[in-house]
>>> print(open('target_6.pdb').read())   # PDB, C-alpha atoms
ATOM      1  CA  MET A   1     -11.384  15.495  30.571
ATOM      2  CA  ILE A   2      -9.156  15.813  27.493
ATOM      3  CA  TYR A   3      -7.136  12.809  26.508
ATOM      4  CA  PHE A   4      -4.042  13.949  24.682
ATOM      5  CA  GLY A   5      -0.310  13.570  24.963
ATOM      6  CA  ILE A   6       2.350  16.219  24.492
ATOM      7  CA  LEU A   7       5.937  15.294  23.677
ATOM      8  CA  PRO A   8       8.558  18.094  23.498
ATOM      9  CA  TYR A   9      11.430  17.684  21.059
ATOM     10  CA  LYS A  10      13.989  20.447  20.586
ATOM     11  CA  ARG A  11      11.420  23.197  21.307
ATOM     12  CA  HIS A  12       8.952  21.651  18.906
ATOM     13  CA  TRP A  13       5.938  19.583  19.849
ATOM     14  CA  ARG A  14       4.089  16.419  18.987
ATOM     15  CA  HIS A  15       0.462  16.056  20.032
ATOM     16  CA  ALA A  16      -1.831  13.011  20.104
ATOM     17  CA  VAL A  17      -5.545  13.623  20.741
ATOM     18  CA  HIS A  18      -7.509  10.524  21.787
ATOM     19  CA  GLY A  19     -10.826  12.179  22.603
ATOM     20  CA  GLN A  20     -12.722  15.477  22.856
ATOM     21  CA  ALA A  21     -10.871  16.877  19.881
ATOM     22  CA  GLN A  22     -13.146  19.896  19.691
ATOM     23  CA  ARG A  23     -12.159  20.945  23.199
ATOM     24  CA  TYR A  24      -8.487  20.462  22.372
ATOM     25  CA  LEU A  25      -8.820  22.807  19.394
ATOM     26  CA  SER A  26     -10.229  25.512  21.677
ATOM     27  CA  LEU A  27      -6.874  25.684  23.511
ATOM     28  CA  ASP A  28      -4.389  28.401  22.645
ATOM     29  CA  ILE A  29      -1.547  26.506  20.969
ATOM     30  CA  SER A  30      -0.788  29.115  18.340
ATOM     31  CA  ASN A  31       2.682  29.781  19.772
ATOM     32  CA  LEU A  32       3.762  26.159  19.503
ATOM     33  CA  LYS A  33       5.571  25.040  16.401
ATOM     34  CA  LEU A  34       3.725  21.767  16.117
ATOM     35  CA  ARG A  35       5.521  19.210  13.975
ATOM     36  CA  SER A  36       3.198  16.244  14.486
ATOM     37  CA  ILE A  37      -0.501  15.984  15.316
ATOM     38  CA  MET A  38      -2.566  12.801  15.528
ATOM     39  CA  PHE A  39      -6.338  12.799  16.053
ATOM     40  CA  PHE A  40      -7.857   9.508  17.242
ATOM     41  CA  ASP A  41     -11.434  10.628  17.818
ATOM     42  CA  PRO A  42     -14.065   8.759  15.742
ATOM     43  CA  GLU A  43     -16.783  11.125  17.021
ATOM     44  CA  PHE A  44     -15.041  14.231  15.727
ATOM     45  CA  CYS A  45     -16.659  15.668  12.614
ATOM     46  CA  LYS A  46     -16.010  19.430  12.690
ATOM     47  CA  VAL A  47     -12.822  19.372  10.645
ATOM     48  CA  GLY A  48     -13.390  23.000   9.760
ATOM     49  CA  LEU A  49     -12.294  23.893  13.302
ATOM     50  CA  ILE A  50      -8.744  22.731  12.536
ATOM     51  CA  ASN A  51      -6.757  25.852  11.717
ATOM     52  CA  PHE A  52      -4.464  24.442   9.056
ATOM     53  CA  ARG A  53      -3.355  27.874   7.859
ATOM     54  CA  ASN A  54      -1.921  29.192  11.143
ATOM     55  CA  VAL A  55      -1.770  26.805  14.111
ATOM     56  CA  PHE A  56      -0.725  23.745  12.086
ATOM     57  CA  GLN A  57       1.226  25.363   9.278
ATOM     58  CA  HIS A  58       4.551  23.821  10.439
ATOM     59  CA  LEU A  59       3.329  20.223  10.461
ATOM     60  CA  TYR A  60       5.433  17.401   9.069
ATOM     61  CA  VAL A  61       3.063  14.636  10.219
ATOM     62  CA  LEU A  62      -0.752  14.626  10.201
ATOM     63  CA  HIS A  63      -2.873  11.624  11.201
ATOM     64  CA  LEU A  64      -6.674  11.989  11.170
ATOM     65  CA  GLU A  65      -8.779   9.090  12.411
ATOM     66  CA  ILE A  66     -12.219  10.630  12.373
ATOM     67  CA  ARG A  67     -15.754  10.097  11.074
ATOM     68  CA  TYR A  68     -16.536   8.854   7.579
ATOM     69  CA  ASP A  69     -19.225  11.371   6.663
ATOM     70  CA  ILE A  70     -16.895  14.357   6.547
ATOM     71  CA  LYS A  71     -14.970  16.044   3.796
ATOM     72  CA  LEU A  72     -11.534  17.500   4.311
ATOM     73  CA  PRO A  73     -11.371  21.270   3.804
ATOM     74  CA  ASP A  74      -9.357  22.839   1.005
ATOM     75  CA  ALA A  75      -7.157  24.465   3.655
ATOM     76  CA  ILE A  76      -5.260  21.204   4.077
ATOM     77  CA  GLY A  77      -3.416  22.233   0.931
ATOM     78  CA  CYS A  78      -1.695  24.969   2.979
ATOM     79  CA  LEU A  79       0.434  22.451   4.859
ATOM     80  CA  TYR A  80       3.408  23.016   2.579
ATOM     81  CA  HIS A  81       5.883  21.314   4.951
ATOM     82  CA  LEU A  82       3.804  18.159   5.350
ATOM     83  CA  LYS A  83       5.677  14.927   4.628
ATOM     84  CA  PHE A  84       3.351  12.265   6.084
ATOM     85  CA  LEU A  85      -0.441  12.231   5.785
ATOM     86  CA  ARG A  86      -2.564   9.357   7.097
ATOM     87  CA  LEU A  87      -6.338   9.448   6.904
ATOM     88  CA  SER A  88      -8.949   6.981   8.094
ATOM     89  CA  ILE A  89     -12.452   6.612   6.710
ATOM     90  CA  VAL A  90     -12.773   9.621   4.424
ATOM     91  CA  ARG A  91     -14.920   9.963   1.321
ATOM     92  CA  GLU A  92     -12.619  12.021  -0.856
ATOM     93  CA  LEU A  93      -9.682  14.394  -0.822
ATOM     94  CA  PRO A  94      -9.855  18.022  -1.970
ATOM     95  CA  SER A  95      -8.041  19.082  -5.117
ATOM     96  CA  SER A  96      -5.762  21.263  -2.967
ATOM     97  CA  ILE A  97      -3.916  18.067  -1.993
ATOM     98  CA  GLY A  98      -1.842  18.695  -5.108
ATOM     99  CA  ASN A  99      -0.203  21.668  -3.350
ATOM    100  CA  LEU A 100       1.639  19.401  -0.901
ATOM    101  CA  LYS A 101       4.846  19.250  -2.917
ATOM    102  CA  ASN A 102       6.892  17.932   0.033
ATOM    103  CA  LEU A 103       4.516  15.065   0.821
ATOM    104  CA  GLN A 104       6.327  11.732   0.811
ATOM    105  CA  THR A 105       3.683   9.369   2.260
ATOM    106  CA  LEU A 106      -0.061   9.336   1.603
ATOM    107  CA  PHE A 107      -1.856   6.568   3.518
ATOM    108  CA  VAL A 108      -5.655   6.373   3.313
ATOM    109  CA  ASP A 109      -7.232   3.591   5.350
ATOM    110  CA  SER A 110     -10.553   3.731   3.558
ATOM    111  CA  TYR A 111     -12.122   1.480   0.941
ATOM    112  CA  LEU A 112     -13.036   2.797  -2.499
ATOM    113  CA  PHE A 113     -12.764   6.521  -1.921
ATOM    114  CA  GLN A 114     -11.779   9.061  -4.577
ATOM    115  CA  LEU A 115      -8.353  10.536  -5.238
ATOM    116  CA  PRO A 116      -8.416  13.850  -7.101
ATOM    117  CA  PRO A 117      -6.412  14.105 -10.355
ATOM    118  CA  GLU A 118      -4.143  16.600  -8.612
ATOM    119  CA  THR A 119      -2.624  13.721  -6.637
ATOM    120  CA  ALA A 120      -0.403  13.160  -9.674
ATOM    121  CA  ASP A 121       1.227  16.540  -8.929
ATOM    122  CA  LEU A 122       2.829  15.230  -5.714
ATOM    123  CA  ILE A 123       6.278  15.072  -7.261
ATOM    124  CA  ASN A 124       8.028  13.893  -4.070
ATOM    125  CA  LEU A 125       5.501  11.206  -3.141
ATOM    126  CA  ARG A 126       7.254   7.942  -2.267
ATOM    127  CA  HIS A 127       4.509   5.881  -0.626
ATOM    128  CA  LEU A 128       0.922   5.755  -1.910
ATOM    129  CA  VAL A 129      -1.210   3.337   0.120
ATOM    130  CA  ALA A 130      -4.904   3.624  -0.802
ATOM    131  CA  ARG A 131      -7.795   1.613  -2.288
ATOM    132  CA  TYR A 132      -9.136   4.382  -4.492
ATOM    133  CA  SER A 133     -12.191   3.824  -6.661
ATOM    134  CA  LYS A 134     -11.413   5.595  -9.938
ATOM    135  CA  PRO A 135      -8.250   5.436 -12.081
ATOM    136  CA  LEU A 136      -5.628   8.008 -11.182
ATOM    137  CA  LYS A 137      -4.663   9.505 -14.508
ATOM    138  CA  ARG A 138      -1.044  10.501 -15.008
ATOM    139  CA  ILE A 139       0.094   8.235 -12.169
ATOM    140  CA  SER A 140       3.280   7.665 -14.150
ATOM    141  CA  LYS A 141       4.210  11.284 -13.277
ATOM    142  CA  LEU A 142       4.934  10.119  -9.718
ATOM    143  CA  THR A 143       8.496   9.221 -10.600
ATOM    144  CA  SER A 144       9.649   9.276  -6.946
ATOM    145  CA  LEU A 145       7.112   6.575  -6.028
ATOM    146  CA  GLN A 146       8.642   3.602  -4.219
ATOM    147  CA  VAL A 147       5.552   1.878  -2.786
ATOM    148  CA  LEU A 148       2.151   1.571  -4.481
ATOM    149  CA  ARG A 149      -0.451  -0.418  -2.558
ATOM    150  CA  GLY A 150      -4.140  -0.721  -3.293
ATOM    151  CA  ILE A 151      -4.437  -0.205  -7.039
ATOM    152  CA  ASP A 152      -7.009  -2.332  -8.867
ATOM    153  CA  CYS A 153      -6.042  -4.192 -12.002
ATOM    154  CA  ASP A 154      -8.543  -2.379 -14.201
ATOM    155  CA  GLN A 155      -6.827   0.875 -13.174
ATOM    156  CA  TRP A 156      -3.337  -0.478 -13.802
ATOM    157  CA  LYS A 157      -3.926  -1.936 -17.257
ATOM    158  CA  ASP A 158      -3.781   1.476 -18.931
ATOM    159  CA  VAL A 159      -0.691   2.659 -17.022
ATOM    160  CA  ASP A 160       2.643   3.022 -18.767
ATOM    161  CA  PRO A 161       5.007   2.309 -15.848
ATOM    162  CA  VAL A 162       8.248   2.921 -17.736
ATOM    163  CA  ASP A 163       8.835   6.177 -15.780
ATOM    164  CA  LEU A 164       8.188   4.578 -12.374
ATOM    165  CA  VAL A 165      11.880   3.777 -12.131
ATOM    166  CA  ASN A 166      11.982   3.927  -8.321
ATOM    167  CA  LEU A 167       9.022   1.644  -7.624
ATOM    168  CA  ARG A 168      10.075  -1.103  -5.202
ATOM    169  CA  GLU A 169       6.728  -2.493  -4.028
ATOM    170  CA  LEU A 170       3.459  -3.060  -5.889
ATOM    171  CA  VAL A 171       0.243  -4.430  -4.354
ATOM    172  CA  MET A 172      -2.627  -4.990  -6.806
ATOM    173  CA  PHE A 173      -6.175  -6.359  -6.404
ATOM    174  CA  ASP A 174      -9.106  -7.656  -8.488
ATOM    175  CA  ILE A 175      -7.059  -9.293 -11.224
ATOM    176  CA  LYS A 176      -8.859 -11.187 -13.990
ATOM    177  CA  ILE A 177      -7.515 -13.674 -16.487
ATOM    178  CA  SER A 178      -8.655 -11.377 -19.299
ATOM    179  CA  TYR A 179      -6.192  -8.667 -18.204
ATOM    180  CA  SER A 180      -2.549  -8.515 -19.191
ATOM    181  CA  LEU A 181       0.076  -7.884 -16.518
ATOM    182  CA  ASN A 182       2.976  -7.675 -18.957
ATOM    183  CA  ASN A 183       3.676  -3.996 -18.243
ATOM    184  CA  ILE A 184       4.792  -4.981 -14.720
ATOM    185  CA  GLY A 185       7.894  -6.342 -16.429
ATOM    186  CA  SER A 186       8.942  -2.722 -17.074
ATOM    187  CA  LEU A 187       9.501  -2.182 -13.346
ATOM    188  CA  LYS A 188      13.187  -3.071 -13.296
ATOM    189  CA  ASN A 189      13.729  -2.148  -9.613
ATOM    190  CA  LEU A 190      10.681  -3.977  -8.255
ATOM    191  CA  SER A 191      11.562  -6.063  -5.175
ATOM    192  CA  THR A 192       8.122  -6.877  -3.680
ATOM    193  CA  LEU A 193       5.060  -7.915  -5.687
ATOM    194  CA  ASN A 194       1.673  -8.827  -4.192
ATOM    195  CA  LEU A 195      -1.087  -9.766  -6.645
ATOM    196  CA  SER A 196      -4.650 -10.874  -5.790
ATOM    197  CA  CYS A 197      -7.324 -12.120  -8.167
ATOM    198  CA  GLN A 198     -11.034 -11.587  -7.905
ATOM    199  CA  VAL A 199     -12.924 -14.448  -6.254
ATOM    200  CA  GLU A 200     -12.834 -17.601  -8.398
ATOM    201  CA  GLU A 201     -10.713 -15.822 -11.021
ATOM    202  CA  SER A 202      -7.413 -17.018 -12.485
ATOM    203  CA  PHE A 203      -4.180 -15.209 -13.202
ATOM    204  CA  PRO A 204      -3.291 -14.288 -16.773
ATOM    205  CA  ALA A 205       0.089 -15.406 -18.128
ATOM    206  CA  LEU A 206       2.917 -14.938 -15.617
ATOM    207  CA  GLU A 207       5.813 -14.818 -18.074
ATOM    208  CA  PHE A 208       6.376 -11.145 -17.220
ATOM    209  CA  LEU A 209       7.868 -12.189 -13.857
ATOM    210  CA  LYS A 210      11.154 -13.256 -15.392
ATOM    211  CA  SER A 211      11.769  -9.631 -16.441
ATOM    212  CA  CYS A 212      11.725  -8.486 -12.793
ATOM    213  CA  GLN A 213      15.331  -9.382 -12.121
ATOM    214  CA  LYS A 214      15.457  -7.672  -8.692
ATOM    215  CA  LEU A 215      12.301  -9.310  -7.322
ATOM    216  CA  HIS A 216      12.734 -10.793  -3.824
ATOM    217  CA  LYS A 217       9.205 -11.263  -2.435
ATOM    218  CA  LEU A 218       6.269 -12.645  -4.418
ATOM    219  CA  TRP A 219       2.688 -13.192  -3.195
ATOM    220  CA  LEU A 220       0.131 -14.644  -5.618
ATOM    221  CA  ARG A 221      -3.457 -15.123  -4.420
ATOM    222  CA  GLY A 222      -5.750 -16.715  -6.982
ATOM    223  CA  ARG A 223      -5.953 -19.606  -9.376
ATOM    224  CA  ILE A 224      -2.961 -20.410 -11.533
ATOM    225  CA  GLU A 225      -3.913 -22.522 -14.516
ATOM    226  CA  LYS A 226      -0.342 -23.598 -15.095
ATOM    227  CA  LEU A 227       3.093 -22.380 -14.144
ATOM    228  CA  PRO A 228       5.285 -21.414 -17.109
ATOM    229  CA  LEU A 229       7.779 -24.170 -17.852
ATOM    230  CA  SER A 230      10.769 -22.141 -19.028
ATOM    231  CA  ASN A 231      12.429 -20.033 -16.266
ATOM    232  CA  PRO A 232       9.201 -18.374 -15.066
ATOM    233  CA  PHE A 233      10.736 -16.714 -11.993
ATOM    234  CA  PRO A 234      13.887 -14.598 -11.568
ATOM    235  CA  ASN A 235      16.717 -16.175  -9.602
ATOM    236  CA  SER A 236      16.625 -13.273  -7.122
ATOM    237  CA  ILE A 237      13.401 -14.452  -5.417
ATOM    238  CA  THR A 238      13.792 -15.355  -1.725
ATOM    239  CA  ILE A 239      10.112 -15.568  -0.619
ATOM    240  CA  ILE A 240       7.082 -17.017  -2.441
ATOM    241  CA  LEU A 241       3.509 -17.369  -1.174
ATOM    242  CA  LEU A 242       0.956 -19.186  -3.331
ATOM    243  CA  TRP A 243      -2.596 -18.877  -2.015
ATOM    244  CA  GLU A 244      -5.662 -20.623  -3.500
ATOM    245  CA  SER A 245      -3.638 -21.516  -6.584
ATOM    246  CA  LYS A 246      -5.572 -24.760  -7.278
ATOM    247  CA  LEU A 247      -2.652 -26.160  -9.227
ATOM    248  CA  LYS A 248      -3.050 -29.479 -10.984
ATOM    249  CA  GLU A 249       0.649 -30.335 -11.042
ATOM    250  CA  ASP A 250       3.511 -30.338  -8.560
ATOM    251  CA  PRO A 251       5.200 -26.869  -8.683
ATOM    252  CA  MET A 252       8.371 -27.966  -6.903
ATOM    253  CA  PRO A 253      10.347 -29.069  -9.989
ATOM    254  CA  ILE A 254      10.145 -25.394 -11.018
ATOM    255  CA  LEU A 255      10.316 -23.677  -7.621
ATOM    256  CA  GLY A 256      13.044 -25.972  -6.382
ATOM    257  CA  MET A 257      15.381 -24.671  -9.088
ATOM    258  CA  LEU A 258      15.381 -21.122  -7.689
ATOM    259  CA  PRO A 259      18.823 -20.703  -6.079
ATOM    260  CA  SER A 260      17.878 -17.917  -3.624
ATOM    261  CA  LEU A 261      14.469 -19.215  -2.500
ATOM    262  CA  ARG A 262      14.436 -19.664   1.290
ATOM    263  CA  ASN A 263      10.828 -19.112   2.383
ATOM    264  CA  LEU A 264       7.907 -20.900   0.774
ATOM    265  CA  GLU A 265       4.241 -20.842   1.806
ATOM    266  CA  PHE A 266       1.418 -22.851   0.247
ATOM    267  CA  LEU A 267      -2.202 -22.094   1.186
ATOM    268  CA  GLN A 268      -4.799 -24.208  -0.633
ATOM    269  CA  LEU A 269      -2.240 -24.946  -3.289
ATOM    270  CA  MET A 270      -3.703 -27.951  -5.100
ATOM    271  CA  LYS A 271      -7.129 -28.875  -6.379
ATOM    272  CA  GLU A 272      -6.870 -32.041  -4.324
ATOM    273  CA  LYS A 273      -7.596 -31.584  -0.624
ATOM    274  CA  LYS A 274      -4.493 -33.472   0.445
ATOM    275  CA  LEU A 275      -1.050 -32.377  -0.574
ATOM    276  CA  PRO A 276       0.384 -35.104  -2.787
ATOM    277  CA  ALA A 277       3.324 -36.942  -1.294
ATOM    278  CA  VAL A 278       5.264 -36.324  -4.508
ATOM    279  CA  ILE A 279       5.533 -32.627  -3.575
ATOM    280  CA  THR A 280       7.089 -33.215  -0.188
ATOM    281  CA  ALA A 281       9.369 -35.815  -1.710
ATOM    282  CA  SER A 282      10.609 -33.389  -4.363
ATOM    283  CA  ILE A 283      11.660 -30.667  -1.914
ATOM    284  CA  ASN A 284      15.301 -30.137  -1.075
ATOM    285  CA  TRP A 285      14.604 -29.369   2.567
ATOM    286  CA  SER A 286      18.150 -28.305   3.375
ATOM    287  CA  SER A 287      17.925 -25.231   1.117
ATOM    288  CA  PHE A 288      14.932 -23.695   2.942
ATOM    289  CA  VAL A 289      14.684 -21.673   6.138
ATOM    290  CA  PHE A 290      10.879 -21.788   6.323
ATOM    291  CA  ILE A 291       8.236 -23.914   4.572
ATOM    292  CA  PHE A 292       4.543 -23.771   5.413
ATOM    293  CA  PHE A 293       1.709 -25.887   3.983
ATOM    294  CA  ARG A 294      -2.035 -25.484   4.489
ATOM    295  CA  THR A 295      -4.369 -27.558   2.339
TER     296      THR A 295
END
>>> encode(input="target_6.pdb", output="structure tokens")
Amino acid sequence: MIYFGILPYKRHWRHAVHGQAQRYLSLDISNLKLRSIMFFDPEFCKVGLINFRNVFQHLYVLHLEIRYDIKLPDAIGCLYHLKFLRLSIVRELPSSIGNLKNLQTLFVDSYLFQLPPETADLINLRHLVARYSKPLKRISKLTSLQVLRGIDCDQWKDVDPVDLVNLRELVMFDIKISYSLNNIGSLKNLSTLNLSCQVEESFPALEFLKSCQKLHKLWLRGRIEKLPLSNPFPNSITIILLWESKLKEDPMPILGMLPSLRNLEFLQLMKEKKLPAVITASINWSSFVFIFFRT
């Protein structure tokens, strides 16, 4: 039995294959103008059977959730109309990925795989969500990029982000106190920032945050030696999450001055196991919609 769904839409088709993908590919679907195909078959490994050049040449959406020990064929670069590509558990992408000039979203749900240098040629890419293992050179060429999730700090430190004028969201991992994050301050349209340190590591200086005048959401996971005293955060911030900060002093005299702050979460905020009463006493409760503490 083949488990797949077929949804017609204005004479075009969307298929979802949940098993026996090889049998599905043996069907004659060459006359269908498929716009979306999703494979959810972890046992499927014969990617070479997918006729990217003919049967799937009209695709806008491609989702492959298949085995790890496979390599995507170069023919995937023939999907010139493709706008959304999501891959699960792949080792690497072929260099032909750079041919997908209409691609807007690249989502790779795999840890520490390799992105080819040609990824920087995706001039219309808006969302790059991937934990890739080696620095992506020329990433600043992706001037349409709005969301960048999964970059490691040692890959970011050599990036000149001045041309990433459309970047709205940045998620970065493996930060060390020895790194500088000052170039994040060049992202003038940044609205969401999520930064995570390596285990037992501390953040470097956070003064760059005050340059992000459109920042609304801020997540900081890792030790913070000390919050800057002089206007460390932009007034635009509405949400802050501090996780494993291990602060020595009450942050509320600083955070409480932010006029737009409405949601505040503390997870393992202080070095002391119990949250000092001075913190709860210093909060102007009426100005918040949501406050969460976990010591």
>>> axis_aligned_box(input="target_6.pdb", around="stretch 119-135 of chain A", padding_each_side="3 Å", output="JSON")
{"center_x": -2.1, "center_y": 9.1, "center_z": -6.0, "size_x": 26.2, "size_y": 20.9, "size_z": 18.2}
>>> resolve_selection(input="target_6.pdb", expression="the PyMOL selection byres ((chain A and resi 57) around 12)", output="list in words")
Ser30, Asn31, Leu32, Lys33, Leu34, Arg35, Ser36, Ile37, Ile50, Asn51, Phe52, Arg53, Asn54, Val55, Phe56, His58, Leu59, Tyr60, Val61, Leu62, Ala75, Ile76, Gly77, Cys78, Leu79, Tyr80, His81, Leu82 and Leu100 of chain A
>>> residues_near_point(input="target_6.pdb", point="(13.0, -4.6, -7.8)", cutoff="10 Å", atoms="all atoms listed in the file", output="list in words")
Gln146, Val165, Asn166, Leu167, Arg168, Glu169, Leu170, Leu187, Lys188, Asn189, Leu190, Ser191, Thr192, Leu193, Cys212, Gln213, Lys214, Leu215, His216, Lys217 and Ser236 of chain A
>>> write_last_selection(input="target_6.pdb", atoms="C-alpha atoms", output="PDB file, keeping the file's coordinate frame")
ATOM      1  CA  GLN A 146       8.642   3.602  -4.219  1.00  0.00           C
ATOM      2  CA  VAL A 165      11.880   3.777 -12.131  1.00  0.00           C
ATOM      3  CA  ASN A 166      11.982   3.927  -8.321  1.00  0.00           C
ATOM      4  CA  LEU A 167       9.022   1.644  -7.624  1.00  0.00           C
ATOM      5  CA  ARG A 168      10.075  -1.103  -5.202  1.00  0.00           C
ATOM      6  CA  GLU A 169       6.728  -2.493  -4.028  1.00  0.00           C
ATOM      7  CA  LEU A 170       3.459  -3.060  -5.889  1.00  0.00           C
ATOM      8  CA  LEU A 187       9.501  -2.182 -13.346  1.00  0.00           C
ATOM      9  CA  LYS A 188      13.187  -3.071 -13.296  1.00  0.00           C
ATOM     10  CA  ASN A 189      13.729  -2.148  -9.613  1.00  0.00           C
ATOM     11  CA  LEU A 190      10.681  -3.977  -8.255  1.00  0.00           C
ATOM     12  CA  SER A 191      11.562  -6.063  -5.175  1.00  0.00           C
ATOM     13  CA  THR A 192       8.122  -6.877  -3.680  1.00  0.00           C
ATOM     14  CA  LEU A 193       5.060  -7.915  -5.687  1.00  0.00           C
ATOM     15  CA  CYS A 212      11.725  -8.486 -12.793  1.00  0.00           C
ATOM     16  CA  GLN A 213      15.331  -9.382 -12.121  1.00  0.00           C
ATOM     17  CA  LYS A 214      15.457  -7.672  -8.692  1.00  0.00           C
ATOM     18  CA  LEU A 215      12.301  -9.310  -7.322  1.00  0.00           C
ATOM     19  CA  HIS A 216      12.734 -10.793  -3.824  1.00  0.00           C
ATOM     20  CA  LYS A 217       9.205 -11.263  -2.435  1.00  0.00           C
ATOM     21  CA  SER A 236      16.625 -13.273  -7.122  1.00  0.00           C
TER      22      SER A 236
END
>>> closest_residue(input="target_6.pdb", among="A:Ile89, A:Val47, A:Ile254, A:Ile97", to="A:Asn235", atoms="all atoms listed in the file")
A:Ile254
>>> atom_distance(input="target_6.pdb", atom1="atom CA of A:Glu225", atom2="atom CA of A:Ala205")
8.9 Å
>>> closest_residue(input="target_6.pdb", among="A:Thr119, A:Asn124, A:Gln198, A:Ser88", to="A:Gln104", atoms="only C-alpha atoms")
A:Asn124
>>> closest_residue(input="target_6.pdb", among="A:Leu258, A:Leu181, A:Ala120, A:Leu142", to="A:Lys157", atoms="only C-alpha atoms")
A:Leu181
